[in-house]
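**Q** The following block contains the structure, expressed as structure tokens.
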Amino acid sequence: MTINTEWETVIGLEIHTQLSTKTKIFSGASTTYGAEPNTQACIISLGMPGVLPVLNEDAVRKAVIFGMAIEAEIAAHSVFARKNYFYPDLPKGYQISQFELPIVGKGFLDIEVDGEIKRIGVTRAHLEEDAGKSLHENFHGATGIDLNRAGTPLLEIVSEPDMRSAKEAVAYMRKLHELVRYLGICDGNMQEGSFRCDANVSVRPKGQEEFGTRAEIKNINSFKFVEKAINHEVERQIELIENGGRVVQETRLYDSVKDETRSMRSKEEANDYRYFPDPDLLPVFVSEELKAEIKAALPELPEAKKLRFKTDYKLNDESATILTSSRDLADYFESVVKISGCESAICANWITGELSAALNRADLEIATSPINAERFAGLVARIADDTISGKIGKQVFEFLWDGSESADEIIEKQGLKQITDTGAIEAIIDTILAANEKQAEQYRGGNEKMFGFFVGQVMKAMQGKGNPAEINKILKAKLA
Amino acid sequence: MHNKTITELAQGLRAKEFSSVELTQHFLNRVNKHADLNAFITVTADLALQAAQLADVRIAKGEAGLLTGIPMAHKDIFCTQDVKTTCGSKMLDNFIAPYNATVVDKLNAVGVVNLGKLNMDEFAMGSSNETSFYGTVKNPWNKNAVAGGSSGGSAAAVAAKLAVCVTGTDTGGSIRQPAAFCGVSGIKPTYGRVSRFGMIAYASSLDQGGSMARSAEDCAILLQSMAGFDAKDSTSVDTPVPDYCVDLNKPLTGLKIGLPKEFFTSDLNADMAATLQTAIEEYKKLGAEFKEVSMPNLKYAIPAYYVIASAECSSNLSRYDGVRFGYRCENPADLNDLYTRSRGEAFGKEVKRRILMGTYALSSGYYDAYYLKAQQVRRLISEDFKNVLSEVDVIFSPVTPTPAFNIGEKTANPIEMYLADIYTIAINLAGLPAISIPAGFINEMPVGLQLIGNYFDEARLLNVAHVYQNTTDWHKQSPT
């Protein structure tokens, strides 16, 4: 191997998305996050002797929704299998998963990197139950087990090894993250572990068809860490090979503090999971009727929505991209347009501008915005019909954000209504022109900048409430 | 009182000849008197008397069914809330079930009086009750002989009249073989007829609960209240439960009975062959017609059964890890030590043997040759039965090759023990219903005959058994 070899990176991702069902995949226990340890562990979550699993139909439905969104084949007949291994937070000593016959077959997702569209294959997606959590702190050398999470439904989405850089991997992960939230099948909360990623990474000399030996990096829970972990792993593998070493197939852990991956277990130490069909569960049959019903109810997907926003609302690419980045934001925009009856451009500007900035500052999502679409539409409508200027609009926005009154109530109470009465504007302009004769002369002498000075003076005198267009018009006439 | 049938006892209770409390006390006295049989693991005298009091109130109000106030007992494989549920194992010697099995709930609802929990082979793995952590059950006909297994405590309790009727479970003959050894009647219903929820799993695809009593009629009455769809068991079947008593006396004229030639060979013990021939003549007198049938794949039943049952048990018993419930070794050094010593110290030899066999059969590289092949054989055996049952109404066969053997006689040779299940195992693989009823004596020990029916044809099996019992008195014989 020469130092000058050019390397190509090959990446495949396995993403665990937690399906947002109310109850667990095989029991009626709640899936709500953050409860006191073991308060959501029913006898089935605990794997008590004699208990049996009963499949939650909503989990199946959500898996089918996903399959349809990536144009995958939905298996008419899929089977749950037991994955056998011992671990303290795995109550039954096996995880109920799908092995040979997953519910979702081959599909794809298109990603965009540096302006180029690339199609990433999805090999399969299967349903399975999550394990519990081992708690190593505060137990004085012992380990605590919290089984609240045990039995939470997961959809494991396995990609083809189609990605060639960490950047592509992140783009794919982001795209998938956006999609599952769009579909309403996963809350996408990465801190709470609702969306986790395992990355299979290998390198090969450019041009070589055969894949290199891969390492699997487990449980990466942020976009940033996925990129760093992959880049680090690629460097490690190239350096290893160039120094005459050999990559071994193994599972590695990413340490975000030290920014490095560490070996967890090698292939030889890997479990033999002894998969076999779970005799406690019947095969899952997805009927044509169910598929048709789900297809009809499938929400508009991000790409289609973006296209529609561009044509129907005449938005530019940037605004359309931002406004369709989440279903909630897109819905909000459409509500504002509908309620306010205003031009879509002004709605888009105020949402992507003032509102987005405020949400960012407060670390809030559109769904938890203190200003709902109705109140926001009230603001936009008053700007659009010239009741207030854009500048006053920003003041009204602050009141909307902090209180519960409508834009109209705020404008009324604070006396912010724009003055469009030409007589009143004329009188103020006359006073200002009289007090600033020198500046008027300068303007007439060709110093165009002076016009701005007069606009400012008039606005100041009118406490910002003057209609800018009227002011301009009258000033122009008087200064002519 | 202990010689009466359920119907006679129900009449006596209604006529106030005796109360349920008196009846219960009478049976509790018998349980104490015959403690040497070792039929019970736990006697719940106080709870039984409380239940009897409630039953008496119900009877007085005229709200009683046939089973209200009848003293019965559960095999210790059914979870009973707040009562120790051991499954015959040291592993669960400290296990107080936090919930009731569906069967227990259903029977409580009709007002039975549960006397306690019956002895059984450890985790239902055994044919002689010699694998129980609580010691071997003695055969009431000869205390040197085994009572059979795994529902040995159930069969002995009925034979010695310690309970009017009992529950049992049957994975490969565990109701029918002990019934035959102890001279009682026992029915294993169609797989899916009786809920498995709360019935501690041995081999999930084969386990089925059923009833045992001194007559087919009493079996029918008990089964009536056990059977039915249960939303908590995905493998239970949602088909209506017919009235098992209404057609009990239907004449057998024209009934077609199949005799599998593979079961009636020169290998069959001459005394057993003669006893069964007498029964065949009796059935002919009752109007039945016999026809030789062939099931060529029966010879593979035993190996297929031991692969499938062991594979499923190796996974089902993984939950006994010393972490959440059951036995935990003292002062575990680390996690591995906790697992290996807890399981090593609390599981008996036969359970360990089957876990090992099952783990091997499911291992990577062996799965296809063992588990998959066994499942294929299972389908062939089911096909054999299906073909035969399209020609005949029921199949007639031996239950066991010999009467009950002596305690200790076969413990040294597990294969010999396994081969003794040759006539019962195939029925579980096919999931069919079958009943074992007394058919005579060999060397003063009872032997049985087996009738196998089509899926959900329990009513016919009970009818065919009951009509035979109307004209014979083998089932009325009692041990001295």
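Lettering and numbering for the structure tokens are positional, with chains as A, B, ... in the shown order, residues counted from 1 in each chain, and ligands counted from 1 in the shown order.
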For the contact check between chain A and chain B, emit one row per residue of chain A within 6 Å, containing the shortest atom pair and the distance in Å rounded to one decimal, counting only C-alpha atoms, chain then rising number order, as a tab-separated table.

**A**
residue	atom	partner	partner_atom	distance
A:Pro49	CA	B:Ile200	CA	5.5
A:Gly50	CA	B:Ile200	CA	3.9
A:Val51	CA	B:Gly198	CA	5.5
A:Val54	CA	B:Ser234	CA	5.8
A:Lys92	CA	B:Arg319	CA	4.3
A:Gly93	CA	B:Ser318	CA	4.8
A:Arg274	CA	B:Leu362	CA	5.2
A:Pro279	CA	B:Ser205	CA	5.4
A:Leu281	CA	B:Ser234	CA	5.8

**Q** Since we have the selection now, will you write its residues out, keeping N, CA and C atoms, as a short mmCIF file (atom, residue, chain, number, x, y, z; two decimals), in the first residue's frame?

**A**
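Listed below is the output, result19.cif:
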data_model
loop_
_atom_site.label_atom_id
_atom_site.label_comp_id
_atom_site.auth_asym_id
_atom_site.auth_seq_id
_atom_site.Cartn_x
_atom_site.Cartn_y
_atom_site.Cartn_z
N PRO A 49 -42.96 -13.98 34.92
CA PRO A 49 -43.30 -15.32 34.42
C PRO A 49 -44.76 -15.34 33.95
N GLY A 50 -45.00 -15.95 32.80
CA GLY A 50 -46.37 -16.15 32.33
C GLY A 50 -46.96 -15.04 31.49
N VAL A 51 -46.31 -13.86 31.42
CA VAL A 51 -46.91 -12.78 30.64
C VAL A 51 -46.68 -13.00 29.14
N VAL A 54 -48.76 -8.50 23.31
CA VAL A 54 -49.84 -8.28 22.35
C VAL A 54 -49.45 -7.04 21.53
N LYS A 92 -36.57 -9.92 29.48
CA LYS A 92 -36.91 -11.31 29.14
C LYS A 92 -35.69 -12.14 28.76
N GLY A 93 -34.55 -11.50 28.63
CA GLY A 93 -33.38 -12.23 28.12
C GLY A 93 -33.44 -12.35 26.61
N ARG A 274 -29.12 -16.14 18.19
CA ARG A 274 -30.05 -17.26 18.11
C ARG A 274 -31.48 -16.80 17.77
N PRO A 279 -42.85 -17.45 19.12
CA PRO A 279 -44.07 -18.25 19.09
C PRO A 279 -45.25 -17.59 19.83
N LEU A 281 -46.29 -14.56 19.20
CA LEU A 281 -46.92 -13.55 18.34
C LEU A 281 -47.25 -14.14 16.97
#

**Q** Can you pull out every residue within 12 Å of segment 386-397 of chain A, counting only C-alpha atoms, but drop anything in the same chain fewer than 6 positions away, and send it as a PyMOL selection string?

**A** chain A and resi 342+346+349-351+353-355+357-358+370-372+375-380+403-421+459+462-470

**Q** So which residues of segment 81-196 of chain A fall under strand (DSSP E or B) by DSSP, listed as a count of residues only?

**A** 47

**Q** Can you list, as a ChimeraX atom specification, every protein, DNA or RNA residue that comes within 12 Å of Arg196 of chain A when you count only C-alpha atoms, leaving out same-chain residues fewer than 2 positions away?

**A** /A:13-18,130,154-157,173-174,176-177,186,188-194,198-199,217-223,225-226

**Q** Could you write those residues out with C-alpha atoms, as a PDB file, in the first residue's frame?

**A**
ATOM      1  CA  LEU A  13     -26.431   3.980   8.795  1.00  0.00           C
ATOM      2  CA  GLU A  14     -28.810   2.134  11.097  1.00  0.00           C
ATOM      3  CA  ILE A  15     -31.188   4.599  12.655  1.00  0.00           C
ATOM      4  CA  HIS A  16     -33.447   3.771  15.589  1.00  0.00           C
ATOM      5  CA  THR A  17     -36.512   5.957  15.607  1.00  0.00           C
ATOM      6  CA  GLN A  18     -38.824   5.753  18.576  1.00  0.00           C
ATOM      7  CA  ASP A 130     -36.461  -0.995  23.160  1.00  0.00           C
ATOM      8  CA  LEU A 154     -38.679   1.373  17.702  1.00  0.00           C
ATOM      9  CA  LEU A 155     -38.431   1.376  13.944  1.00  0.00           C
ATOM     10  CA  GLU A 156     -34.879   0.482  12.952  1.00  0.00           C
ATOM     11  CA  ILE A 157     -34.158   1.943   9.541  1.00  0.00           C
ATOM     12  CA  MET A 173     -29.720  11.547   8.858  1.00  0.00           C
ATOM     13  CA  ARG A 174     -31.151  15.074   8.781  1.00  0.00           C
ATOM     14  CA  LEU A 176     -34.700  11.143   7.744  1.00  0.00           C
ATOM     15  CA  HIS A 177     -35.129  13.153  10.935  1.00  0.00           C
ATOM     16  CA  CYS A 186     -41.505  10.087  15.839  1.00  0.00           C
ATOM     17  CA  GLY A 188     -37.342  13.318  16.799  1.00  0.00           C
ATOM     18  CA  ASN A 189     -36.114  14.306  20.244  1.00  0.00           C
ATOM     19  CA  MET A 190     -32.453  13.340  20.163  1.00  0.00           C
ATOM     20  CA  GLN A 191     -31.637  14.272  23.778  1.00  0.00           C
ATOM     21  CA  GLU A 192     -34.324  11.858  24.957  1.00  0.00           C
ATOM     22  CA  GLY A 193     -32.998   9.179  22.609  1.00  0.00           C
ATOM     23  CA  SER A 194     -35.977   9.173  20.240  1.00  0.00           C
ATOM     24  CA  ASP A 198     -25.276   3.458  14.516  1.00  0.00           C
ATOM     25  CA  ALA A 199     -22.783   4.072  11.709  1.00  0.00           C
ATOM     26  CA  ILE A 217     -19.909   2.953  15.753  1.00  0.00           C
ATOM     27  CA  LYS A 218     -22.756   2.567  18.221  1.00  0.00           C
ATOM     28  CA  ASN A 219     -25.347   4.928  19.611  1.00  0.00           C
ATOM     29  CA  ILE A 220     -24.485   8.373  18.310  1.00  0.00           C
ATOM     30  CA  ASN A 221     -27.193  10.819  19.269  1.00  0.00           C
ATOM     31  CA  SER A 222     -26.456  14.111  17.510  1.00  0.00           C
ATOM     32  CA  PHE A 223     -25.795  15.273  13.957  1.00  0.00           C
ATOM     33  CA  PHE A 225     -21.255  13.788  16.711  1.00  0.00           C
ATOM     34  CA  VAL A 226     -22.149  11.627  13.718  1.00  0.00           C
TER      35      VAL A 226
END

**Q** Show me, as JSON, numbers by chain, the residues that have an atom within 7 Å of Pro71 of chain B when counting only C-alpha atoms, minus same-chain residues fewer than 5 positions from it.

**A** {"B": [24, 112, 113, 114, 115, 163, 164]}

**Q** Excluding Arg119 of chain A and residues on its chain fewer than 4 positions from it, collect all residues at most 8 Å away from it, counting only C-alpha atoms, and give them as a ChimeraX atom specification.

**A** /A:108-111

**Q** In terms of the shortest atom-to-atom distance over only C-alpha atoms, which of B:Pro414, B:Pro398, B:Gly173, B:Pro403 is closest to Ile280 of chain B?

**A** B:Pro398

**Q** Report the distance between atom CA of Asp337 of chain B and atom CA of Ile308 of chain B in Å, rounded to one decimal place.

**A** 28.9 Å

**Q** Per DSSP on the backbone, filter segment 256-333 of chain A down to the residues in alpha helix (DSSP H) and report them as a PyMOL selection string.

**A** chain A and resi 288-297+302-312+317-323+327-333

**Q** Please provide the set of residues having any atom within 12 Å of Glu269 of chain A, restricted to only C-alpha atoms, with same-chain residues fewer than 6 positions apart removed, written as a ChimeraX atom specification.

**A** /A:249-251,263

**Q** Mind dumping the selected residues with C-alpha atoms as an mmCIF file, in the first residue's frame?

**A**
data_model
loop_
_atom_site.group_PDB
_atom_site.id
_atom_site.type_symbol
_atom_site.label_atom_id
_atom_site.label_comp_id
_atom_site.auth_asym_id
_atom_site.auth_seq_id
_atom_site.Cartn_x
_atom_site.Cartn_y
_atom_site.Cartn_z
ATOM 1 C CA GLN A 249 -14.630 -6.002 12.168
ATOM 2 C CA GLU A 250 -15.757 -4.687 15.528
ATOM 3 C CA THR A 251 -18.146 -2.485 17.414
ATOM 4 C CA SER A 263 -13.202 -0.602 20.588
#

**Q** Neighbours of Pro205 of chain A within 12 Å (only C-alpha atoms; same-chain residues fewer than 2 positions away dropped), as a PyMOL selection string?

**A** chain A and resi 1-10+202-203+207-212+237-238+241-242

**Q** Take the residues from that selection and put them in a file with N, CA, C and O atoms, as a PDB file, in the first residue's frame.

**A**
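After the write, selection-v7.pdb holds the following:
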ATOM      1  N   MET A   1       0.859  -1.192   0.000  1.00  0.00           N
ATOM      2  CA  MET A   1       0.000   0.000   0.000  1.00  0.00           C
ATOM      3  C   MET A   1       0.892   1.237   0.000  1.00  0.00           C
ATOM      4  O   MET A   1       1.730   1.412   0.876  1.00  0.00           O
ATOM      5  N   THR A   2       0.707   2.071  -0.983  1.00  0.00           N
ATOM      6  CA  THR A   2       1.532   3.270  -1.021  1.00  0.00           C
ATOM      7  C   THR A   2       0.823   4.414  -0.306  1.00  0.00           C
ATOM      8  O   THR A   2      -0.391   4.417  -0.165  1.00  0.00           O
ATOM      9  N   ILE A   3       1.628   5.331   0.142  1.00  0.00           N
ATOM     10  CA  ILE A   3       1.105   6.490   0.872  1.00  0.00           C
ATOM     11  C   ILE A   3       0.171   7.305  -0.021  1.00  0.00           C
ATOM     12  O   ILE A   3      -0.732   7.962   0.461  1.00  0.00           O
ATOM     13  N   ASN A   4       0.412   7.208  -1.337  1.00  0.00           N
ATOM     14  CA  ASN A   4      -0.355   8.066  -2.230  1.00  0.00           C
ATOM     15  C   ASN A   4      -1.740   7.539  -2.600  1.00  0.00           C
ATOM     16  O   ASN A   4      -2.444   8.170  -3.364  1.00  0.00           O
ATOM     17  N   THR A   5      -2.108   6.386  -2.037  1.00  0.00           N
ATOM     18  CA  THR A   5      -3.421   5.838  -2.358  1.00  0.00           C
ATOM     19  C   THR A   5      -4.505   6.856  -2.019  1.00  0.00           C
ATOM     20  O   THR A   5      -4.471   7.476  -0.967  1.00  0.00           O
ATOM     21  N   GLU A   6      -5.455   6.973  -2.945  1.00  0.00           N
ATOM     22  CA  GLU A   6      -6.614   7.818  -2.634  1.00  0.00           C
ATOM     23  C   GLU A   6      -7.679   6.926  -2.048  1.00  0.00           C
ATOM     24  O   GLU A   6      -7.965   5.854  -2.567  1.00  0.00           O
ATOM     25  N   TRP A   7      -8.260   7.366  -0.956  1.00  0.00           N
ATOM     26  CA  TRP A   7      -9.220   6.524  -0.234  1.00  0.00           C
ATOM     27  C   TRP A   7     -10.652   6.978  -0.458  1.00  0.00           C
ATOM     28  O   TRP A   7     -10.930   8.154  -0.574  1.00  0.00           O
ATOM     29  N   GLU A   8     -11.504   5.990  -0.477  1.00  0.00           N
ATOM     30  CA  GLU A   8     -12.929   6.293  -0.554  1.00  0.00           C
ATOM     31  C   GLU A   8     -13.608   5.756   0.708  1.00  0.00           C
ATOM     32  O   GLU A   8     -13.335   4.646   1.144  1.00  0.00           O
ATOM     33  N   THR A   9     -14.473   6.574   1.251  1.00  0.00           N
ATOM     34  CA  THR A   9     -15.196   6.193   2.470  1.00  0.00           C
ATOM     35  C   THR A   9     -16.537   5.579   2.095  1.00  0.00           C
ATOM     36  O   THR A   9     -17.205   6.051   1.183  1.00  0.00           O
ATOM     37  N   VAL A  10     -16.906   4.513   2.794  1.00  0.00           N
ATOM     38  CA  VAL A  10     -18.219   3.888   2.558  1.00  0.00           C
ATOM     39  C   VAL A  10     -18.970   3.855   3.891  1.00  0.00           C
ATOM     40  O   VAL A  10     -18.450   3.360   4.891  1.00  0.00           O
ATOM     41  N   SER A 202     -16.366   2.067   6.572  1.00  0.00           N
ATOM     42  CA  SER A 202     -15.175   1.389   6.052  1.00  0.00           C
ATOM     43  C   SER A 202     -14.505   2.277   5.009  1.00  0.00           C
ATOM     44  O   SER A 202     -15.104   3.247   4.551  1.00  0.00           O
ATOM     45  N   VAL A 203     -13.294   1.944   4.675  1.00  0.00           N
ATOM     46  CA  VAL A 203     -12.600   2.684   3.607  1.00  0.00           C
ATOM     47  C   VAL A 203     -12.071   1.668   2.584  1.00  0.00           C
ATOM     48  O   VAL A 203     -11.860   0.500   2.908  1.00  0.00           O
ATOM     49  N   GLY A 207     -11.724   3.309  -6.608  1.00  0.00           N
ATOM     50  CA  GLY A 207     -11.747   2.442  -7.779  1.00  0.00           C
ATOM     51  C   GLY A 207     -11.958   0.987  -7.444  1.00  0.00           C
ATOM     52  O   GLY A 207     -12.378   0.204  -8.284  1.00  0.00           O
ATOM     53  N   GLN A 208     -11.638   0.613  -6.216  1.00  0.00           N
ATOM     54  CA  GLN A 208     -11.843  -0.793  -5.818  1.00  0.00           C
ATOM     55  C   GLN A 208     -13.328  -1.056  -5.605  1.00  0.00           C
ATOM     56  O   GLN A 208     -14.032  -0.241  -5.037  1.00  0.00           O
ATOM     57  N   GLU A 209     -13.773  -2.223  -6.098  1.00  0.00           N
ATOM     58  CA  GLU A 209     -15.201  -2.499  -6.005  1.00  0.00           C
ATOM     59  C   GLU A 209     -15.580  -3.122  -4.661  1.00  0.00           C
ATOM     60  O   GLU A 209     -16.613  -2.824  -4.093  1.00  0.00           O
ATOM     61  N   GLU A 210     -14.681  -3.972  -4.192  1.00  0.00           N
ATOM     62  CA  GLU A 210     -14.915  -4.697  -2.949  1.00  0.00           C
ATOM     63  C   GLU A 210     -14.900  -3.730  -1.757  1.00  0.00           C
ATOM     64  O   GLU A 210     -14.097  -2.806  -1.717  1.00  0.00           O
ATOM     65  N   PHE A 211     -15.804  -3.956  -0.812  1.00  0.00           N
ATOM     66  CA  PHE A 211     -15.826  -3.103   0.373  1.00  0.00           C
ATOM     67  C   PHE A 211     -14.670  -3.444   1.303  1.00  0.00           C
ATOM     68  O   PHE A 211     -14.222  -4.587   1.360  1.00  0.00           O
ATOM     69  N   GLY A 212     -14.207  -2.452   2.047  1.00  0.00           N
ATOM     70  CA  GLY A 212     -13.226  -2.712   3.094  1.00  0.00           C
ATOM     71  C   GLY A 212     -13.917  -3.294   4.311  1.00  0.00           C
ATOM     72  O   GLY A 212     -15.145  -3.365   4.357  1.00  0.00           O
ATOM     73  N   GLN A 237      -8.905   4.529  10.369  1.00  0.00           N
ATOM     74  CA  GLN A 237      -8.770   3.357   9.502  1.00  0.00           C
ATOM     75  C   GLN A 237      -7.689   3.577   8.441  1.00  0.00           C
ATOM     76  O   GLN A 237      -6.884   2.689   8.172  1.00  0.00           O
ATOM     77  N   ILE A 238      -7.669   4.782   7.834  1.00  0.00           N
ATOM     78  CA  ILE A 238      -6.679   5.050   6.786  1.00  0.00           C
ATOM     79  C   ILE A 238      -5.261   4.986   7.373  1.00  0.00           C
ATOM     80  O   ILE A 238      -4.356   4.345   6.823  1.00  0.00           O
ATOM     81  N   ILE A 241      -4.250   1.384   8.022  1.00  0.00           N
ATOM     82  CA  ILE A 241      -3.898   0.630   6.816  1.00  0.00           C
ATOM     83  C   ILE A 241      -2.573   1.134   6.243  1.00  0.00           C
ATOM     84  O   ILE A 241      -1.705   0.349   5.861  1.00  0.00           O
ATOM     85  N   GLU A 242      -2.425   2.450   6.228  1.00  0.00           N
ATOM     86  CA  GLU A 242      -1.190   3.003   5.649  1.00  0.00           C
ATOM     87  C   GLU A 242       0.042   2.637   6.466  1.00  0.00           C
ATOM     88  O   GLU A 242       1.142   2.602   5.954  1.00  0.00           O
TER      89      GLU A 242
END

**Q** Report, in Å to a single decimal, how far apart atom CA of Ile11 of chain A and atom CA of Gly132 of chain A are.

**A**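 Straight-line distance from atom CA of Gly132 of chain A to atom CA of Ile11 of chain A works out to 28.5 Å.
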
**Q** Quick one: of B:Thr44, B:Gln177, B:Asn108, B:Thr424, who's nearest to Gln25 of chain B, counting only C-alpha atoms?

**A** B:Thr44
